[in-house]
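Novice: Please find one structure pasted underneath; my questions will follow.
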Amino acid sequence: KFGLPQIAIRQLEIYTTAVLLATMRPPLPPREEKWRNLMEEISNISCKNYRSIVYENPEFISYFHEATPQAELGYLNIGSRPTRRKSSIGIGHLRAIPWVFAWTQTRFVLPAWLGVGAGLKGACEKGHADDLRAMYKEWPFFQSTIDLIEMVLGKADIPIAKLYDEVLVSESRRKLGAQLRKELMATEMYVLVVSGHEKPLEGNRSLRKLIENRLPYLNPINMLQVEILRRLRRDDDNHKL
């Protein structure tokens with residue numbers, strides 16, 4: 001973000017503006033203690049849902065390795081450190097950047113949204129939908145959090161993620177992929193319930209337009225990657241992998 005003078009100036013303008021706004025007009029705190037308690041409840045449900053899939057589902061690690069290019073990315077010299085802290089294949093020893101990068105490559109972006117839908121659903125089912133809408137309108141912290149999730153949902157692409165599963169994932173594990181795609185759709189539904197939007201990024205049309213404009217270039221790259229991964233993994237001479 002600082003490689004070119006014009007971009008660097010723009011970036012510094014954004015930082016300066018944010019600092020001035022936060023100093024001169026500090027964001028409002030939660031209006032009610034009830035909101036903090038509700039956030040705590042959402043957090044607990046989200047964490048439990050996330051861990052039940054990522055850490056407690058015995059099929060998840062194998063699914064992750066098959067559905068994403070994580071292993072192949074590990075052989076590229078594009079980082080200052082190894083992708084893992086230890087030689088274990090467990091998720092806990094995988095560094096954050098390759099974990100997120102691998103899911104970003106498949107356009108599933110799973111680490112950014114998994115658990116969010118379960119937390120919001122739990123709150124809505126207990127009759128707190130109106131509270132969540134009020135929190136979105138009146139609590140800047142909650143609004144920015146939901147907006148960031150909505151941005152991720154706008155970038156995620158279920159058909160592309162499904163293509164990785166259909167071509168690269170063992171048939172016995174595709175059920176898990178289908179379950180996660182349903183989880184993504186449910187997350188989008190509940191995020192839109194809270195924001196009041198009809199579709200992701202409705203409140204940020206310029207970003208939505210940018211994402212839509214790059215799809216004709218991005219989709220073929222994903223399709224090429226799927227095919228290259230398929231060939232790599234079936235090549236007996238590919239000793240590294």
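Chain lettering (A, B, ...) mirrors the order of the structure tokens, residue numbering begins at 1 for each chain separately, and ligand numbering begins at 1 in order of display.
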List the spatial neighbours of range 118-131 of chain A as a PDB file with N, CA, C and O atoms, in the first residue's frame - criterion: any atom at most 6 Å away, only C-alpha atoms, same-chain residues fewer than 2 positions off excluded.
Specialist:
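For reference, result.pdb as written:
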ATOM      1  N   ILE A  42     -23.552 -14.482  21.556  1.00  0.00           N
ATOM      2  CA  ILE A  42     -23.251 -14.758  20.141  1.00  0.00           C
ATOM      3  C   ILE A  42     -21.834 -15.313  20.008  1.00  0.00           C
ATOM      4  O   ILE A  42     -21.589 -16.274  19.270  1.00  0.00           O
ATOM      5  N   ILE A  45     -21.632 -19.022  21.158  1.00  0.00           N
ATOM      6  CA  ILE A  45     -22.227 -19.938  20.176  1.00  0.00           C
ATOM      7  C   ILE A  45     -21.324 -20.056  18.959  1.00  0.00           C
ATOM      8  O   ILE A  45     -21.094 -21.162  18.436  1.00  0.00           O
ATOM      9  N   SER A  46     -20.799 -18.925  18.487  1.00  0.00           N
ATOM     10  CA  SER A  46     -19.930 -18.921  17.304  1.00  0.00           C
ATOM     11  C   SER A  46     -18.673 -19.758  17.533  1.00  0.00           C
ATOM     12  O   SER A  46     -18.278 -20.556  16.681  1.00  0.00           O
ATOM     13  N   GLY A 115     -19.030 -19.831  11.912  1.00  0.00           N
ATOM     14  CA  GLY A 115     -19.453 -19.566  13.283  1.00  0.00           C
ATOM     15  C   GLY A 115     -20.333 -18.337  13.410  1.00  0.00           C
ATOM     16  O   GLY A 115     -21.153 -18.250  14.330  1.00  0.00           O
ATOM     17  N   VAL A 116     -20.180 -17.381  12.493  1.00  0.00           N
ATOM     18  CA  VAL A 116     -20.962 -16.139  12.565  1.00  0.00           C
ATOM     19  C   VAL A 116     -22.448 -16.433  12.399  1.00  0.00           C
ATOM     20  O   VAL A 116     -23.291 -15.957  13.175  1.00  0.00           O
ATOM     21  N   ARG A 133     -30.758  -5.610  15.072  1.00  0.00           N
ATOM     22  CA  ARG A 133     -30.920  -4.518  14.097  1.00  0.00           C
ATOM     23  C   ARG A 133     -30.622  -3.164  14.754  1.00  0.00           C
ATOM     24  O   ARG A 133     -30.007  -2.286  14.140  1.00  0.00           O
ATOM     25  N   ALA A 134     -31.068  -3.015  15.996  1.00  0.00           N
ATOM     26  CA  ALA A 134     -30.785  -1.768  16.720  1.00  0.00           C
ATOM     27  C   ALA A 134     -29.285  -1.629  16.984  1.00  0.00           C
ATOM     28  O   ALA A 134     -28.721  -0.531  16.856  1.00  0.00           O
TER      29      ALA A 134
END
Novice: Name all residues at most 8 Å from range 56-69 of chain A (count only C-alpha atoms; drop same-chain ones fewer than 6 positions away) and give them as a PyMOL selection string.
Specialist: chain A and resi 89-91+102-103+105-106+164-165+168-170+173+176-177+229
Novice: State, in Å with one decimal place, the distance from CA of Phe142 in chain A to CA of Val191 in chain A.
Specialist: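 So the answer is 11.7 Å.
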Novice: Could you list, with a cut-off of 12 Å and counting only C-alpha atoms, the residues of range 132-161 of chain A near range 204-227 of chain A, each shown with its nearest atom pair and the distance in Å rounded to one decimal, rows sorted by chain and ascending number, as a tab-separated table?
Specialist:
residue	atom	partner	partner_atom	distance
A:Asp147	CA	A:Asn204	CA	9.2
A:Leu148	CA	A:Asn204	CA	11.0
A:Glu150	CA	A:Asn204	CA	9.9
A:Met151	CA	A:Leu207	CA	8.5
A:Val152	CA	A:Ile211	CA	10.9
A:Leu153	CA	A:Arg208	CA	10.8
A:Gly154	CA	A:Arg208	CA	7.2
A:Lys155	CA	A:Ile211	CA	6.9
A:Ala156	CA	A:Ile211	CA	10.2
A:Asp157	CA	A:Asn219	CA	9.6
A:Ile158	CA	A:Asn219	CA	11.9
A:Pro159	CA	A:Asn219	CA	10.1
A:Ile160	CA	A:Asn222	CA	7.4
A:Ala161	CA	A:Asn222	CA	9.3
Novice: Save the residues we just selected, all heavy atoms, as an mmCIF file, in the first residue's frame?
Specialist:
data_model
loop_
_atom_site.group_PDB
_atom_site.id
_atom_site.type_symbol
_atom_site.label_atom_id
_atom_site.label_comp_id
_atom_site.auth_asym_id
_atom_site.auth_seq_id
_atom_site.Cartn_x
_atom_site.Cartn_y
_atom_site.Cartn_z
ATOM 1 N N ASP A 147 -20.449 -5.356 8.767
ATOM 2 C CA ASP A 147 -20.080 -4.891 7.419
ATOM 3 C C ASP A 147 -18.874 -5.652 6.874
ATOM 4 O O ASP A 147 -18.805 -5.955 5.674
ATOM 5 C CB ASP A 147 -19.786 -3.393 7.436
ATOM 6 C CG ASP A 147 -21.047 -2.552 7.557
ATOM 7 O OD1 ASP A 147 -22.146 -3.107 7.385
ATOM 8 O OD2 ASP A 147 -20.926 -1.336 7.828
ATOM 9 N N LEU A 148 -17.902 -5.950 7.746
ATOM 10 C CA LEU A 148 -16.730 -6.720 7.312
ATOM 11 C C LEU A 148 -17.123 -8.138 6.919
ATOM 12 O O LEU A 148 -16.627 -8.687 5.915
ATOM 13 C CB LEU A 148 -15.675 -6.748 8.421
ATOM 14 C CG LEU A 148 -14.887 -5.456 8.621
ATOM 15 C CD1 LEU A 148 -14.057 -5.530 9.897
ATOM 16 C CD2 LEU A 148 -13.984 -5.183 7.420
ATOM 17 N N GLU A 150 -20.033 -8.998 5.835
ATOM 18 C CA GLU A 150 -20.790 -8.844 4.590
ATOM 19 C C GLU A 150 -19.845 -8.686 3.400
ATOM 20 O O GLU A 150 -20.113 -9.199 2.309
ATOM 21 C CB GLU A 150 -21.728 -7.635 4.701
ATOM 22 C CG GLU A 150 -22.893 -7.688 3.740
ATOM 23 C CD GLU A 150 -23.921 -6.596 3.986
ATOM 24 O OE1 GLU A 150 -24.622 -6.652 5.005
ATOM 25 O OE2 GLU A 150 -24.017 -5.681 3.139
ATOM 26 N N MET A 151 -18.734 -7.993 3.605
ATOM 27 C CA MET A 151 -17.740 -7.847 2.543
ATOM 28 C C MET A 151 -17.167 -9.206 2.152
ATOM 29 O O MET A 151 -17.013 -9.526 0.968
ATOM 30 C CB MET A 151 -16.610 -6.929 2.993
ATOM 31 C CG MET A 151 -15.507 -6.758 1.956
ATOM 32 S SD MET A 151 -14.008 -6.012 2.635
ATOM 33 C CE MET A 151 -13.401 -7.331 3.692
ATOM 34 N N VAL A 152 -16.857 -10.032 3.158
ATOM 35 C CA VAL A 152 -16.331 -11.373 2.898
ATOM 36 C C VAL A 152 -17.355 -12.207 2.133
ATOM 37 O O VAL A 152 -17.013 -12.922 1.179
ATOM 38 C CB VAL A 152 -15.952 -12.066 4.223
ATOM 39 C CG1 VAL A 152 -15.654 -13.543 3.993
ATOM 40 C CG2 VAL A 152 -14.754 -11.384 4.857
ATOM 41 N N LEU A 153 -18.624 -12.103 2.534
ATOM 42 C CA LEU A 153 -19.681 -12.852 1.850
ATOM 43 C C LEU A 153 -19.815 -12.404 0.397
ATOM 44 O O LEU A 153 -20.127 -13.209 -0.483
ATOM 45 C CB LEU A 153 -21.011 -12.658 2.587
ATOM 46 C CG LEU A 153 -21.076 -13.227 4.015
ATOM 47 C CD1 LEU A 153 -22.380 -12.826 4.688
ATOM 48 C CD2 LEU A 153 -20.913 -14.736 4.004
ATOM 49 N N GLY A 154 -19.562 -11.114 0.160
ATOM 50 C CA GLY A 154 -19.615 -10.614 -1.213
ATOM 51 C C GLY A 154 -18.501 -11.161 -2.083
ATOM 52 O O GLY A 154 -18.644 -11.276 -3.303
ATOM 53 N N LYS A 155 -17.382 -11.516 -1.463
ATOM 54 C CA LYS A 155 -16.243 -12.063 -2.204
ATOM 55 C C LYS A 155 -16.302 -13.587 -2.340
ATOM 56 O O LYS A 155 -15.676 -14.154 -3.235
ATOM 57 C CB LYS A 155 -14.937 -11.672 -1.513
ATOM 58 C CG LYS A 155 -14.640 -10.181 -1.574
ATOM 59 C CD LYS A 155 -13.335 -9.852 -0.869
ATOM 60 C CE LYS A 155 -12.990 -8.372 -0.984
ATOM 61 N NZ LYS A 155 -11.717 -8.046 -0.297
ATOM 62 N N ALA A 156 -17.019 -14.239 -1.429
ATOM 63 C CA ALA A 156 -17.118 -15.700 -1.479
ATOM 64 C C ALA A 156 -17.933 -16.132 -2.699
ATOM 65 O O ALA A 156 -18.802 -15.391 -3.166
ATOM 66 C CB ALA A 156 -17.763 -16.222 -0.201
ATOM 67 N N ASP A 157 -17.634 -17.319 -3.206
ATOM 68 C CA ASP A 157 -18.315 -17.802 -4.406
ATOM 69 C C ASP A 157 -18.599 -19.296 -4.244
ATOM 70 O O ASP A 157 -17.692 -20.124 -4.357
ATOM 71 C CB ASP A 157 -17.442 -17.559 -5.637
ATOM 72 C CG ASP A 157 -18.199 -17.766 -6.942
ATOM 73 O OD1 ASP A 157 -18.700 -18.873 -7.155
ATOM 74 O OD2 ASP A 157 -18.278 -16.817 -7.748
ATOM 75 N N ILE A 158 -19.849 -19.637 -3.979
ATOM 76 C CA ILE A 158 -20.210 -21.031 -3.722
ATOM 77 C C ILE A 158 -19.975 -21.934 -4.932
ATOM 78 O O ILE A 158 -19.420 -23.031 -4.778
ATOM 79 C CB ILE A 158 -21.663 -21.115 -3.221
ATOM 80 C CG1 ILE A 158 -21.734 -20.578 -1.785
ATOM 81 C CG2 ILE A 158 -22.190 -22.547 -3.272
ATOM 82 C CD1 ILE A 158 -23.122 -20.576 -1.185
ATOM 83 N N PRO A 159 -20.374 -21.550 -6.155
ATOM 84 C CA PRO A 159 -20.106 -22.439 -7.299
ATOM 85 C C PRO A 159 -18.620 -22.738 -7.505
ATOM 86 O O PRO A 159 -18.251 -23.865 -7.837
ATOM 87 C CB PRO A 159 -20.687 -21.668 -8.493
ATOM 88 C CG PRO A 159 -21.746 -20.803 -7.898
ATOM 89 C CD PRO A 159 -21.219 -20.396 -6.558
ATOM 90 N N ILE A 160 -17.752 -21.740 -7.285
ATOM 91 C CA ILE A 160 -16.314 -21.964 -7.440
ATOM 92 C C ILE A 160 -15.810 -22.900 -6.344
ATOM 93 O O ILE A 160 -15.052 -23.853 -6.598
ATOM 94 C CB ILE A 160 -15.539 -20.637 -7.409
ATOM 95 C CG1 ILE A 160 -15.831 -19.808 -8.657
ATOM 96 C CG2 ILE A 160 -14.029 -20.884 -7.286
ATOM 97 C CD1 ILE A 160 -15.312 -20.391 -9.955
ATOM 98 N N ALA A 161 -16.227 -22.663 -5.110
ATOM 99 C CA ALA A 161 -15.824 -23.531 -3.999
ATOM 100 C C ALA A 161 -16.308 -24.964 -4.238
ATOM 101 O O ALA A 161 -15.596 -25.937 -3.948
ATOM 102 C CB ALA A 161 -16.376 -22.998 -2.686
#
Novice: Mind checking which residues fall within 10 Å of Pro30 in chain A, counting only C-alpha atoms, ignoring those fewer than 4 positions away in the same chain, and posting them as a list in words?
Specialist: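 Counting only C-alpha atoms, the residues come to Lys34, Trp35, Arg36, Met135, Glu138, Trp139, Pro140, Phe141 and Phe142 of chain A.
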Novice: Can you pull out every residue within 8 Å of Gly117 in chain A, counting only C-alpha atoms, but drop anything in the same chain fewer than 6 positions away, and send it as a VMD selection string?
Specialist: chain A and resid 46 183 to 184 186 to 188 190 to 191
Novice: Kindly give the distance, in Å, that separates CA of Lys1 in chain A and CA of Ala18 in chain A, rounded to a single decimal.
Specialist: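 Answer for the CA of Lys1 in chain A to CA of Ala18 in chain A separation: 16.5 Å.
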Novice: For Arg233 in chain A, which residue among A:Ala71, A:Leu76, A:Leu192, A:Met185 is the nearest when counting only C-alpha atoms?
Specialist: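 With only C-alpha atoms as the atom set, the closest residue is A:Ala71.
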